[in-house]
file my_file19.cif (mmCIF, C-alpha atoms and all ligand atoms)
data_coords
loop_
_atom_site.label_atom_id
_atom_site.label_comp_id
_atom_site.auth_asym_id
_atom_site.auth_seq_id
_atom_site.Cartn_x
_atom_site.Cartn_y
_atom_site.Cartn_z
CA MET U 288 -51.89 -128.24 49.52
CA ILE U 289 -51.61 -127.61 45.83
CA GLN U 290 -51.90 -130.68 43.61
CA TYR U 291 -49.33 -130.31 40.85
CA PRO U 292 -49.25 -132.21 37.56
CA GLU U 293 -46.38 -134.63 37.01
CA ARG U 294 -43.02 -132.88 37.09
CA ILE U 295 -39.37 -133.68 36.52
CA ARG U 296 -36.87 -131.83 38.71
CA ARG U 297 -34.11 -129.98 36.89
CA ALA U 298 -34.18 -126.39 38.23
CA ARG U 299 -32.16 -125.52 41.33
CA LEU U 300 -35.04 -124.75 43.69
CA PRO U 301 -36.07 -122.99 45.76
CA THR U 302 -34.32 -119.92 44.42
CA PRO U 303 -33.39 -117.34 47.05
CA VAL U 304 -35.33 -114.13 47.59
CA GLU U 305 -33.02 -111.30 48.58
CA PRO U 306 -33.45 -107.73 49.79
CA ALA U 307 -32.03 -105.09 47.44
CA ARG U 308 -30.95 -102.73 50.21
CA ARG U 309 -29.39 -99.87 48.31
CA LEU U 310 -32.07 -99.85 45.62
CA SER U 311 -34.76 -99.99 48.31
CA HIS U 312 -33.23 -96.89 49.86
CA GLN U 313 -32.97 -95.10 46.50
CA LEU U 314 -36.52 -95.97 45.46
CA GLY U 315 -38.19 -95.48 48.84
CA VAL U 316 -39.78 -98.95 49.03
CA GLU U 317 -38.91 -102.35 50.42
CA LEU U 318 -37.58 -104.07 47.31
CA LEU U 319 -36.96 -107.81 47.24
CA VAL U 320 -35.61 -109.80 44.32
CA LYS U 321 -36.68 -113.39 43.60
CA ARG U 322 -33.54 -114.83 42.08
CA ASP U 323 -34.91 -117.01 39.28
CA ASP U 324 -31.75 -116.12 37.42
CA LEU U 325 -30.24 -118.76 39.74
CA THR U 326 -32.29 -121.76 38.60
CA GLY U 327 -29.12 -123.11 36.97
CA ALA U 328 -26.10 -122.05 34.96
CA ALA U 329 -26.80 -123.00 31.34
CA LEU U 330 -30.40 -123.56 32.47
CA SER U 331 -30.69 -120.17 34.18
CA GLY U 332 -33.92 -118.22 34.14
CA ASN U 333 -37.66 -118.75 34.25
CA LYS U 334 -38.09 -121.23 31.39
CA ILE U 335 -36.78 -124.27 33.23
CA ARG U 336 -39.60 -123.91 35.78
CA LYS U 337 -42.16 -124.37 32.98
CA LEU U 338 -40.08 -127.06 31.28
CA GLU U 339 -40.16 -129.20 34.42
CA PHE U 340 -43.84 -129.82 33.70
CA LEU U 341 -43.68 -129.81 29.91
CA LEU U 342 -40.79 -132.27 29.75
CA ALA U 343 -42.58 -134.59 32.19
CA GLU U 344 -45.45 -134.74 29.70
CA ALA U 345 -42.99 -135.26 26.81
CA GLY U 346 -41.52 -138.20 28.73
CA ALA U 347 -44.95 -139.65 29.52
CA GLU U 348 -45.79 -139.55 25.80
CA GLY U 349 -42.58 -141.37 24.92
CA ALA U 350 -41.06 -138.50 22.93
CA ASP U 351 -37.40 -138.71 21.90
CA THR U 352 -37.25 -135.14 20.57
CA VAL U 353 -38.66 -131.79 21.68
CA ILE U 354 -39.49 -129.08 19.15
CA THR U 355 -39.88 -125.46 20.12
CA CYS U 356 -39.43 -121.94 18.74
CA GLY U 357 -38.32 -118.42 19.58
CA GLY U 358 -36.28 -115.42 18.55
CA GLU U 359 -32.67 -115.97 17.53
CA GLN U 360 -31.39 -115.30 21.07
CA SER U 361 -34.28 -117.12 22.73
CA ASN U 362 -33.63 -117.99 26.38
CA HIS U 363 -36.50 -120.44 26.17
CA CYS U 364 -34.96 -122.34 23.24
CA ARG U 365 -31.59 -122.46 24.98
CA ALA U 366 -33.10 -123.75 28.24
CA THR U 367 -35.12 -126.33 26.28
CA ALA U 368 -32.06 -127.53 24.36
CA VAL U 369 -29.95 -127.81 27.54
CA ALA U 370 -32.68 -129.55 29.56
CA ALA U 371 -33.31 -131.95 26.66
CA ALA U 372 -29.61 -132.82 26.58
CA GLU U 373 -29.67 -133.43 30.33
CA LEU U 374 -32.50 -135.91 29.82
CA GLY U 375 -31.00 -137.64 26.78
CA LEU U 376 -33.59 -136.14 24.43
CA ARG U 377 -32.91 -134.37 21.17
CA SER U 378 -34.04 -130.82 20.49
CA TYR U 379 -35.17 -129.08 17.33
CA LEU U 380 -35.43 -125.28 17.37
CA LEU U 381 -37.23 -122.94 14.98
CA LEU U 382 -35.29 -119.71 15.42
CA ARG U 383 -36.56 -116.43 13.98
CA THR U 384 -34.05 -114.21 12.22
CA ASP U 385 -34.10 -111.37 9.67
CA ASN U 386 -32.47 -113.36 6.89
CA PRO U 387 -32.46 -117.16 7.26
CA LYS U 388 -29.95 -117.39 4.39
CA GLU U 389 -27.44 -115.51 6.52
CA PRO U 390 -28.08 -116.76 10.04
CA PRO U 391 -26.43 -114.99 12.97
CA ALA U 392 -23.09 -116.09 14.41
CA ALA U 393 -23.00 -118.71 17.15
CA ASP U 394 -22.97 -116.16 19.96
CA ALA U 395 -24.42 -116.31 23.49
CA ASN U 396 -27.64 -118.42 23.57
CA ILE U 397 -27.08 -119.69 20.02
CA LEU U 398 -23.65 -120.96 21.02
CA LEU U 399 -25.20 -122.95 23.86
CA ASP U 400 -27.94 -124.29 21.58
CA LYS U 401 -25.31 -125.61 19.20
CA LEU U 402 -23.03 -126.86 21.94
CA VAL U 403 -25.73 -129.18 23.30
CA GLY U 404 -26.53 -130.40 19.80
CA ALA U 405 -29.83 -128.69 19.03
CA GLU U 406 -30.94 -128.98 15.41
CA ILE U 407 -31.69 -125.46 14.26
CA ARG U 408 -33.96 -124.33 11.47
CA TRP U 409 -33.68 -120.60 10.77
CA VAL U 410 -37.00 -119.04 9.86
CA SER U 411 -37.92 -115.58 8.60
CA ARG U 412 -40.28 -113.27 10.46
CA ASP U 413 -43.04 -114.19 8.00
CA GLU U 414 -42.52 -117.93 8.33
CA TYR U 415 -42.48 -117.56 12.10
CA LYS U 416 -46.03 -116.22 11.99
CA ARG U 417 -47.16 -119.64 10.77
CA ARG U 418 -45.11 -121.52 13.33
CA ALA U 419 -48.07 -123.72 14.31
CA GLN U 420 -48.02 -125.10 10.76
CA LEU U 421 -44.22 -125.45 10.82
CA PHE U 422 -44.48 -127.47 14.03
CA VAL U 423 -46.82 -129.92 12.26
CA GLU U 424 -44.47 -130.14 9.27
CA VAL U 425 -41.34 -130.73 11.33
CA ARG U 426 -43.12 -133.27 13.50
CA GLY U 427 -44.13 -135.14 10.34
CA GLN U 428 -40.59 -135.05 8.96
CA LEU U 429 -39.24 -136.47 12.21
CA LEU U 430 -41.95 -139.13 12.32
CA ALA U 431 -40.86 -140.27 8.85
CA LYS U 432 -37.47 -140.97 10.45
CA ALA U 433 -39.16 -142.88 13.27
CA ARG U 434 -38.63 -140.04 15.74
CA LYS U 435 -41.40 -139.03 18.08
CA ALA U 436 -41.50 -135.32 18.81
CA TYR U 437 -43.23 -133.34 21.55
CA VAL U 438 -44.09 -129.75 20.67
CA ILE U 439 -43.50 -127.00 23.23
CA PRO U 440 -45.11 -123.64 22.35
CA GLU U 441 -43.22 -120.35 22.29
CA GLY U 442 -41.86 -119.55 25.74
CA GLY U 443 -43.26 -122.82 27.12
CA SER U 444 -46.33 -120.68 27.74
CA ASN U 445 -49.41 -122.84 28.00
CA ALA U 446 -51.55 -124.12 30.84
CA LEU U 447 -49.15 -126.94 31.74
CA GLY U 448 -46.04 -124.74 31.69
CA ALA U 449 -47.76 -122.15 33.89
CA TRP U 450 -47.54 -124.57 36.85
CA GLY U 451 -43.87 -123.66 37.05
CA TYR U 452 -44.85 -120.23 38.31
CA VAL U 453 -47.49 -121.58 40.65
CA ALA U 454 -44.56 -123.35 42.29
CA CYS U 455 -42.59 -120.09 42.34
CA VAL U 456 -45.42 -118.29 44.16
CA GLU U 457 -45.59 -121.14 46.65
CA GLU U 458 -41.86 -120.69 47.32
CA LEU U 459 -42.37 -116.96 47.78
CA ALA U 460 -45.20 -117.53 50.26
CA GLN U 461 -42.92 -119.82 52.26
CA GLU U 462 -40.09 -117.30 52.09
CA LEU U 463 -42.04 -114.10 52.74
CA GLY U 464 -45.24 -115.04 54.55
CA ASP U 465 -48.56 -113.55 53.52
CA LYS U 466 -48.11 -109.83 54.22
CA PRO U 467 -49.23 -107.62 51.29
CA LEU U 468 -46.84 -107.70 48.39
CA THR U 469 -46.71 -106.61 44.76
CA ILE U 470 -44.90 -108.97 42.42
CA VAL U 471 -43.39 -107.26 39.37
CA TYR U 472 -42.27 -109.40 36.41
CA ALA U 473 -41.42 -109.10 32.72
CA ALA U 474 -44.02 -110.51 30.29
CA GLY U 475 -42.85 -111.96 26.97
CA SER U 476 -45.22 -114.79 26.11
CA GLY U 477 -47.46 -114.76 29.18
CA GLY U 478 -46.79 -118.09 30.88
CA THR U 479 -44.93 -116.59 33.81
CA GLY U 480 -47.69 -114.06 34.45
CA ALA U 481 -50.41 -116.70 34.15
CA GLY U 482 -48.61 -118.97 36.63
CA ILE U 483 -48.10 -116.15 39.11
CA LEU U 484 -51.80 -115.24 38.97
CA LEU U 485 -52.84 -118.87 39.37
CA GLY U 486 -50.46 -119.30 42.30
CA ILE U 487 -51.78 -116.20 44.09
CA LYS U 488 -55.34 -117.44 43.66
CA LEU U 489 -54.72 -121.07 44.57
CA LEU U 490 -52.96 -119.97 47.76
CA GLY U 491 -55.45 -117.17 48.51
CA LEU U 492 -52.68 -114.59 48.97
CA PRO U 493 -53.42 -110.84 49.30
CA TRP U 494 -50.88 -110.11 46.58
CA ARG U 495 -50.87 -108.03 43.41
CA ALA U 496 -49.01 -109.04 40.28
CA VAL U 497 -47.91 -106.48 37.70
CA GLY U 498 -46.46 -107.58 34.38
CA VAL U 499 -44.33 -105.27 32.26
CA ASN U 500 -44.77 -106.18 28.60
CA VAL U 501 -41.53 -106.22 26.60
CA CYS U 502 -43.31 -106.60 23.25
CA ASP U 503 -46.84 -106.18 21.86
CA ASP U 504 -49.21 -104.28 24.16
CA ARG U 505 -51.46 -104.50 27.18
CA GLU U 506 -54.44 -105.86 25.25
CA TYR U 507 -52.32 -108.65 23.76
CA PHE U 508 -51.09 -109.79 27.17
CA VAL U 509 -54.48 -109.59 28.86
CA ALA U 510 -55.71 -111.98 26.16
CA ALA U 511 -52.62 -114.24 26.25
CA ILE U 512 -52.46 -114.52 30.05
CA GLY U 513 -56.25 -114.72 30.37
CA GLU U 514 -56.40 -117.63 27.96
CA ILE U 515 -53.70 -119.61 29.76
CA VAL U 516 -55.34 -119.06 33.17
CA GLU U 517 -58.75 -120.07 31.83
CA GLN U 518 -57.36 -123.18 30.15
CA ALA U 519 -55.63 -124.24 33.36
CA MET U 520 -58.86 -123.70 35.34
CA GLN U 521 -60.71 -125.92 32.88
CA ARG U 522 -58.14 -128.65 32.45
CA TRP U 523 -57.51 -129.15 36.19
CA LYS U 524 -60.96 -128.00 37.40
CA LEU U 525 -59.41 -125.42 39.68
CA ASP U 526 -61.67 -124.05 42.38
CA ILE U 527 -60.83 -120.35 41.92
CA LYS U 528 -62.55 -117.25 40.57
CA PHE U 529 -60.90 -115.28 37.82
CA ASP U 530 -61.75 -112.40 35.54
CA ARG U 531 -59.46 -110.99 32.84
CA SER U 532 -59.94 -107.49 34.31
CA GLU U 533 -57.73 -108.65 37.22
CA ILE U 534 -54.68 -108.91 34.97
CA GLU U 535 -52.42 -105.91 35.55
CA ILE U 536 -50.11 -105.03 32.67
CA LEU U 537 -47.89 -101.98 32.81
CA ASP U 538 -47.65 -100.91 29.17
CA GLY U 539 -45.41 -98.19 27.73
CA TYR U 540 -41.96 -99.68 28.24
CA VAL U 541 -41.43 -101.71 25.08
CA GLY U 542 -39.26 -98.82 23.91
CA ILE U 543 -37.93 -99.18 20.37
CA GLY U 544 -39.01 -102.81 20.06
CA TYR U 545 -38.56 -106.35 21.26
CA ALA U 546 -34.92 -107.11 22.08
CA LYS U 547 -33.92 -103.57 21.08
CA SER U 548 -32.46 -101.31 23.73
CA ARG U 549 -32.72 -97.59 24.42
CA PRO U 550 -29.75 -95.98 26.19
CA GLU U 551 -31.82 -95.34 29.33
CA GLU U 552 -32.63 -99.05 29.60
CA LEU U 553 -28.95 -99.95 29.34
CA GLU U 554 -28.18 -97.28 31.95
CA THR U 555 -30.66 -98.91 34.31
CA ILE U 556 -28.92 -102.25 33.79
CA ARG U 557 -25.58 -100.61 34.59
CA ASP U 558 -26.93 -98.78 37.66
CA VAL U 559 -28.53 -101.92 39.12
CA ALA U 560 -25.33 -103.90 38.51
CA ARG U 561 -23.34 -101.24 40.34
CA ALA U 562 -25.79 -100.75 43.20
CA GLU U 563 -26.43 -104.41 44.00
CA GLY U 564 -24.14 -106.61 41.93
CA LEU U 565 -27.34 -107.80 40.26
CA ILE U 566 -27.06 -108.48 36.53
CA LEU U 567 -30.24 -107.82 34.56
CA ASP U 568 -30.72 -108.70 30.89
CA PRO U 569 -31.50 -106.27 28.06
CA VAL U 570 -34.53 -108.07 26.58
CA TYR U 571 -36.73 -108.70 29.64
CA THR U 572 -35.61 -107.88 33.15
CA GLY U 573 -33.74 -104.70 32.17
CA LYS U 574 -36.91 -103.32 30.55
CA ALA U 575 -39.12 -104.44 33.42
CA PHE U 576 -36.82 -102.95 36.01
CA HIS U 577 -36.54 -99.75 34.01
CA ALA U 578 -40.35 -99.57 34.08
CA LEU U 579 -40.44 -100.17 37.84
CA ARG U 580 -37.82 -97.54 38.49
CA SER U 581 -39.53 -94.98 36.24
CA GLU U 582 -42.95 -95.53 37.80
CA LEU U 583 -41.57 -95.32 41.33
CA GLY U 584 -39.81 -92.09 40.38
CA ARG U 585 -43.25 -90.66 39.61
CA ASP U 586 -45.09 -92.22 42.53
CA ALA U 587 -43.14 -94.08 45.21
CA ARG U 588 -46.35 -95.81 46.41
CA ALA U 589 -47.50 -96.98 42.97
CA PHE U 590 -46.94 -100.63 43.96
CA GLY U 591 -47.42 -100.45 47.72
CA GLU U 592 -44.69 -100.65 50.31
CA ARG U 593 -43.30 -104.07 49.59
CA ILE U 594 -42.31 -105.16 46.09
CA CYS U 595 -40.84 -108.41 44.86
CA PHE U 596 -39.18 -108.12 41.47
CA VAL U 597 -38.88 -111.51 39.79
CA HIS U 598 -35.48 -111.78 38.16
CA THR U 599 -36.40 -114.16 35.36
CA GLY U 600 -32.83 -114.55 34.06
CA GLY U 601 -31.59 -113.95 30.54
CA ILE U 602 -27.95 -113.21 31.31
CA PHE U 603 -26.68 -114.56 27.98
CA GLY U 604 -28.67 -111.85 26.18
CA LEU U 605 -26.20 -109.29 27.50
CA PHE U 606 -23.31 -110.52 25.43
CA PRO U 607 -24.71 -109.63 21.99
CA LYS U 608 -25.18 -106.09 23.42
CA ALA U 609 -21.56 -105.65 24.50
CA ARG U 610 -20.83 -102.99 21.90
CA GLU U 611 -23.93 -100.97 22.78
CA LEU U 612 -23.18 -101.19 26.50
CA ASP U 613 -19.49 -100.46 26.45
CA PRO U 614 -19.78 -96.66 25.89
CA LEU U 615 -21.92 -96.41 29.07
CA LEU U 616 -19.36 -98.15 31.25
C1 LIG U 701 -39.02 -115.60 28.50
C2 LIG U 701 -38.52 -114.63 29.49
C3 LIG U 701 -39.40 -113.79 30.19
C4 LIG U 701 -40.87 -113.73 29.92
O1 LIG U 701 -41.57 -114.84 30.39
P1 LIG U 701 -42.91 -115.30 29.66
O2 LIG U 701 -43.37 -116.43 30.47
O3 LIG U 701 -42.52 -115.67 28.26
O4 LIG U 701 -43.85 -114.15 29.66
C5 LIG U 701 -38.88 -112.94 31.14
N1 LIG U 701 -37.54 -112.90 31.36
C6 LIG U 701 -36.68 -113.68 30.70
C7 LIG U 701 -35.24 -113.52 30.99
C8 LIG U 701 -37.14 -114.57 29.74
O5 LIG U 701 -36.26 -115.33 29.08
#
call {"tool": "encode", "arguments": {"input": "my_file19.cif", "output": "structure tokens", "more": "lines below"}}
Ligand SMILES: *Cc1c(COP(=O)(O)O)cnc(C)c1O
result
Amino acid sequence: MIQYPERIRRARLPTPVEPARRLSHQLGVELLVKRDDLTGAALSGNKIRKLEFLLAEAGAEGADTVITCGGEQSNHCRATAVAAAELGLRSYLLLRTDNPKEPPAADANILLDKLVGAEIRWVSRDEYKRRAQLFVEVRGQLLAKARKAYVIPEGGSNALGAWGYVACVEELAQELGDKPLTIVYAAGSGGTGAGILLGIKLLGLPWRAVGVNVCDDREYFVAAIGEIVEQAMQRWKLDIKFDRSEIEILDGYVGIGYAKSRPEELETIRDVARAEGLILDPVYTGKAFHALRSELGRDARAFGERICFVHTGGIFGLFPKARELDPLL
């Protein structure tokens, strides 16, 4: 029995795990999809799993506001803003954009942020690099107005948030049993990957986990995921063995940059939608699935016989790409 930290329940769990029959046939493997795109509607995706733990801590500390940060179309910021509204908390988002003086239109995730009343501060790429300092500043400004803020790091990716993906692995073990399996997931800030690794270890499963980085590089994610796992081991005195060399990152699929799409990635999204009725997103799951498909095309046994792709959500990210996608349809 895993002892979890305090948690509030907002995600629709357990999410189903489904066979992708036609893709399995095409790719020559048994492909399953863990449908974490179904954790909610406005809440959809992986971030609400981490927020269940982070928002419990915010509540325990008596916070009335949550502050977090991300790219302009951040799924994490949208999930945070929606979950905060569900709990009667306020949200304050630091959103990164090219030119804060001309912020983007209220499209997709931004529309939802605004709809649920998030306060938004647009920050440049340079300012975003010193976000830790900005968090302190904003927290101070809110305190001056007698508001108590709880800071959630980018992506909700820290040791506490990682428990959300320990819970996901526990669901998978209940759903699939303990036959060998390779879990494939998209890595953006590392919390999902760290939680998956912790879950596999805490449950002693004979499973591999392969993260596809959608930004930065392998070295960056080995450090980011390694640090979160090690912090969790320390903070909760977890009785597991871990070495950073165990972290598997499949690098080489960032393409032309974070949140930027190559035509072949968009084609993969289209093909998966048509084969299975499964809607991937352009920023994370589309890239990760494109990586999986490309690697299997080279070596059908690269990930063993049974693969579980974690669909971490992100559907709203498709809408700002409508014009790029349309010519392929
Ligand atoms: C944030 C996000 C990821 C990456 O998860 P991390 O825990 O940040 O690595 C993957 N997919 C989607 C849709 C996301 O929004």
call {"tool": "closest_residue", "arguments": {"input": "my_file19.cif", "among": "U:Ala405, U:Leu447, U:Ala298, U:Met288", "to": "Leu341 (chain U)", "atoms": "all atoms listed in the file"}}
result
U:Leu447
call {"tool": "residues_near_ligand", "arguments": {"input": "my_file19.cif", "ligand": "ligand LIG 701 (chain U)", "cutoff": "6 Å", "atoms": "all atoms listed in the file", "output": "MDAnalysis selection string"}}
result
chainID U and resid 332 362:363 442 444 473:479 571:572 599:601
call {"tool": "atom_distance", "arguments": {"input": "my_file19.cif", "atom1": "CA of Ala511 (chain U)", "atom2": "CA of Glu457 (chain U)"}}
result
22.7 Å
call {"tool": "residues_near_point", "arguments": {"input": "my_file19.cif", "point": "(-36.3, -120.2, 29.1)", "cutoff": "12 Å", "atoms": "only C-alpha atoms", "output": "PyMOL selection string"}}
result
chain U and resi 298+323-324+326-339+355-358+360-370+396+400+439-444+448+451+475-476+478-479+571+599-604
call {"tool": "atom_distance", "arguments": {"input": "my_file19.cif", "atom1": "CA of Arg505 (chain U)", "atom2": "CA of Arg531 (chain U)"}}
result
11.8 Å
call {"tool": "closest_residue", "arguments": {"input": "my_file19.cif", "among": "U:Glu293, U:Asp526, U:Glu535, U:Asp568", "to": "Ile483 (chain U)", "atoms": "only C-alpha atoms"}}
result
U:Glu535
call {"tool": "atom_distance", "arguments": {"input": "my_file19.cif", "atom1": "CA of Pro303 (chain U)", "atom2": "CA of Lys574 (chain U)"}}
result
21.9 Å
call {"tool": "closest_residue", "arguments": {"input": "my_file19.cif", "among": "U:Arg549, U:Arg561, U:Arg495, U:Arg434", "to": "Ile534 (chain U)", "atoms": "only C-alpha atoms"}}
result
U:Arg495
call {"tool": "residues_around", "arguments": {"input": "my_file19.cif", "residues": "Leu579 (chain U)", "least_positions_apart": "2", "cutoff": "10 Å", "atoms": "all atoms listed in the file", "output": "ChimeraX atom specification"}}
result
/U:314,471-472,497,499,537,540,573-577,581-584,587,589-590,594,596
call {"tool": "residues_around", "arguments": {"input": "my_file19.cif", "residues": "Asp351 (chain U)", "least_positions_apart": "2", "cutoff": "10 Å", "atoms": "only C-alpha atoms", "output": "list in words"}}
result
Ala345, Gly346, Glu348, Gly349, Val353, Ala371, Leu374, Gly375, Leu376, Arg377, Ser378, Ala433, Arg434, Lys435, Ala436 and Tyr437 of chain U
call {"tool": "closest_residue", "arguments": {"input": "my_file19.cif", "among": "U:Arg580, U:Lys547, U:Lys528, U:Arg522", "to": "Cys502 (chain U)", "atoms": "all atoms listed in the file"}}
result
U:Lys547
call {"tool": "residues_around", "arguments": {"input": "my_file19.cif", "residues": "Glu514 (chain U)", "least_positions_apart": "3", "cutoff": "10 Å", "atoms": "all atoms listed in the file", "output": "list in words"}}
result
Asn445, Ala446, Gly477, Ala481, Phe508, Val509, Ala510, Ala511, Glu517, Gln518, Ala519, Met520 and Arg531 of chain U
call {"tool": "residues_around", "arguments": {"input": "my_file19.cif", "residues": "Pro292 (chain U)", "least_positions_apart": "5", "cutoff": "9 Å", "atoms": "all atoms listed in the file", "output": "MDAnalysis selection string"}}
result
chainID U and resid 340 343 447 450 523
call {"tool": "closest_residue", "arguments": {"input": "my_file19.cif", "among": "U:Val570, U:Arg557, U:Tyr291, U:Leu616", "to": "Val453 (chain U)", "atoms": "all atoms listed in the file"}}
result
U:Tyr291
call {"tool": "closest_residue", "arguments": {"input": "my_file19.cif", "among": "U:Val597, U:Leu381, U:Ala496, U:Ala347", "to": "Cys455 (chain U)", "atoms": "only C-alpha atoms"}}
result
U:Val597
call {"tool": "axis_aligned_box", "arguments": {"input": "my_file19.cif", "around": "region 478-488 of chain U", "padding_each_side": "3 Å", "output": "lines of an AutoDock Vina configuration file"}}
result
center_x = -50.1
center_y = -116.7
center_z = 37.5
size_x = 16.4
size_y = 11.2
size_z = 19.2
call {"tool": "decode", "arguments": {"input": "my_file19.cif", "residues": "region 579-594 of chain U", "atoms": "N, CA and C atoms", "output": "compact mmCIF listing (two decimals), in the first residue's frame"}}
result
# COMPACT_ATOMS: atom_id res chain seq x y z
N LEU U 579 7.38 8.01 -31.18
CA LEU U 579 7.10 6.58 -31.01
C LEU U 579 6.92 5.90 -32.37
N ARG U 580 6.14 6.53 -33.20
CA ARG U 580 5.86 5.98 -34.52
C ARG U 580 7.14 5.91 -35.37
N SER U 581 7.96 6.94 -35.31
CA SER U 581 9.20 6.95 -36.09
C SER U 581 10.16 5.87 -35.61
N GLU U 582 10.30 5.74 -34.29
CA GLU U 582 11.22 4.73 -33.75
C GLU U 582 10.74 3.33 -34.07
N LEU U 583 9.43 3.11 -33.98
CA LEU U 583 8.90 1.77 -34.27
C LEU U 583 9.04 1.45 -35.76
N GLY U 584 9.01 2.48 -36.59
CA GLY U 584 9.21 2.27 -38.02
C GLY U 584 10.62 1.76 -38.30
N ARG U 585 11.56 2.16 -37.46
CA ARG U 585 12.95 1.71 -37.60
C ARG U 585 13.17 0.34 -36.97
N ASP U 586 12.52 0.16 -35.81
CA ASP U 586 12.73 -1.09 -35.06
C ASP U 586 11.45 -1.37 -34.28
N ALA U 587 10.66 -2.30 -34.77
CA ALA U 587 9.34 -2.57 -34.17
C ALA U 587 9.46 -3.08 -32.74
N ARG U 588 10.63 -3.55 -32.33
CA ARG U 588 10.80 -4.09 -30.97
C ARG U 588 11.53 -3.11 -30.04
N ALA U 589 11.69 -1.88 -30.49
CA ALA U 589 12.47 -0.90 -29.71
C ALA U 589 11.94 -0.73 -28.29
N PHE U 590 10.64 -0.92 -28.09
CA PHE U 590 10.05 -0.72 -26.76
C PHE U 590 9.38 -1.99 -26.24
N GLY U 591 9.78 -3.13 -26.75
CA GLY U 591 9.17 -4.38 -26.31
C GLY U 591 7.84 -4.60 -27.01
N GLU U 592 7.12 -5.61 -26.54
CA GLU U 592 5.91 -6.00 -27.25
C GLU U 592 4.67 -5.24 -26.82
N ARG U 593 4.71 -4.73 -25.60
CA ARG U 593 3.52 -4.07 -25.08
C ARG U 593 3.87 -2.66 -24.63
N ILE U 594 3.18 -1.69 -25.24
CA ILE U 594 3.48 -0.28 -24.98
C ILE U 594 2.23 0.42 -24.47
